[in-house]
Amino acid sequence: MTRKQRRLYFVLLGMLALGAATALVLTAINDTLVYFYTPADIQTKHVAPGRRFRLGGLVEKGSVIKKGETVEFKVTDLTASLPVTYTGVLPDLFREGQGVVAEGRLDPQGLFHASEVLAKHDEKYMPKEVADALKKSGHWQEGQVTK
């Protein structure tokens, strides 16, 4: 084997190792990403059951049902709604008609199992993603503030 061939093998081996490392890093990053969706996005895009993501919108009026520590409610973006179940203590500012972001997983039946629920923190706050979704659906009210 000549020096030129040996050098070529080392370069090819190095490129193969670099490609494998890149593939591993990208796979690890993809597994830790948590995407944000609205109920309308869930209906139009294919979201695999069991995949962790954030669901944002407004708590639908008349949809909150408390069963002990388990709370069932619907999140809406005024275009579509999605049923949510959460076991735990809800934030003090959680109520019907207010902005909410829930993190969890969708089951095959279309029920979102939240592991964490976040509510707005003052009268005019709304997560930017929720405000953008409301603007897109035509239900944005002027004077609402995003942070």
# chains A, B, ... in the order shown; residues from 1 in each chain; ligands from 1
$ select_by_dssp --residues "range 4-113 of chain A" --states "strand (DSSP E or B)" --output "number ranges by chain"
A: 35-37, 52-59, 65-67, 70-76, 81-87, 99-106, 112-113
$ select_by_dssp --residues "range 2-128 of chain A" --states "helix (DSSP H, G or I)" --output "JSON, numbers by chain"
{"A": [3, 4, 5, 6, 7, 8, 9, 10, 11, 12, 13, 14, 15, 16, 17, 18, 19, 20, 21, 22, 23, 24, 25, 26, 27, 28, 29, 30, 31, 32, 39, 40, 41, 42, 43, 44, 128]}
$ closest_residue --among "A:Phe94, A:Phe112, A:Phe10, A:Phe73" --to "Tyr37 in chain A" --atoms "only C-alpha atoms"
A:Phe112
$ residues_around --residues "range 59-70 of chain A" --least-positions-apart "6" --cutoff "9 Å" --atoms "only C-alpha atoms" --output "compact mmCIF listing (two decimals) with C-alpha atoms, in the first residue's frame"
# COMPACT_ATOMS: atom_id res chain seq x y z
CA THR A 76 -59.29 25.80 21.60
CA ASP A 77 -57.78 28.21 19.12
CA LEU A 78 -61.34 29.24 18.13
CA SER A 81 -60.55 22.22 20.06
CA PRO A 83 -59.67 17.49 24.91
CA THR A 85 -56.61 15.63 30.85
CA TYR A 86 -54.24 16.69 33.63
CA THR A 87 -53.57 15.21 37.05
CA GLY A 88 -52.02 17.59 39.53
CA VAL A 89 -52.34 21.09 40.86
CA PHE A 94 -56.00 28.80 35.25
CA ARG A 95 -59.62 29.44 34.27
CA GLU A 96 -62.02 29.23 31.34
CA GLY A 97 -61.46 31.65 28.49
CA GLN A 98 -57.81 32.29 29.40
CA GLY A 99 -54.61 31.43 27.56
CA VAL A 100 -52.90 28.17 28.43
$ atom_distance --atom1 "CA of Leu134 in chain A" --atom2 "CA of Thr38 in chain A"
9.5 Å
$ closest_residue --among "A:Asp41, A:Arg3, A:Ile29, A:Ala102" --to "Leu118 in chain A" --atoms "only C-alpha atoms"
A:Ala102
$ closest_residue --among "A:Val75, A:Met15, A:Val130, A:Val117" --to "Leu93 in chain A" --atoms "only C-alpha atoms"
A:Val117
$ closest_residue --among "A:Pro49, A:Pro108, A:Pro91, A:Pro39" --to "Lys74 in chain A" --atoms "only C-alpha atoms"
A:Pro39
$ residues_around --residues "Arg54 in chain A" --least-positions-apart "5" --cutoff "8 Å" --atoms "only C-alpha atoms" --output "list in words"
Val34, Tyr35, Phe36, Tyr37, Val101, Ala102, Glu103 and Gly104 of chain A
$ closest_residue --among "A:Asn30, A:Leu8, A:Leu106, A:Thr2" --to "Arg52 in chain A" --atoms "only C-alpha atoms"
A:Leu106
$ atom_distance --atom1 "CA of Val25 in chain A" --atom2 "CA of Val11 in chain A"
21.1 Å
$ atom_distance --atom1 "CA of Ala119 in chain A" --atom2 "CA of Asp92 in chain A"
8.1 Å
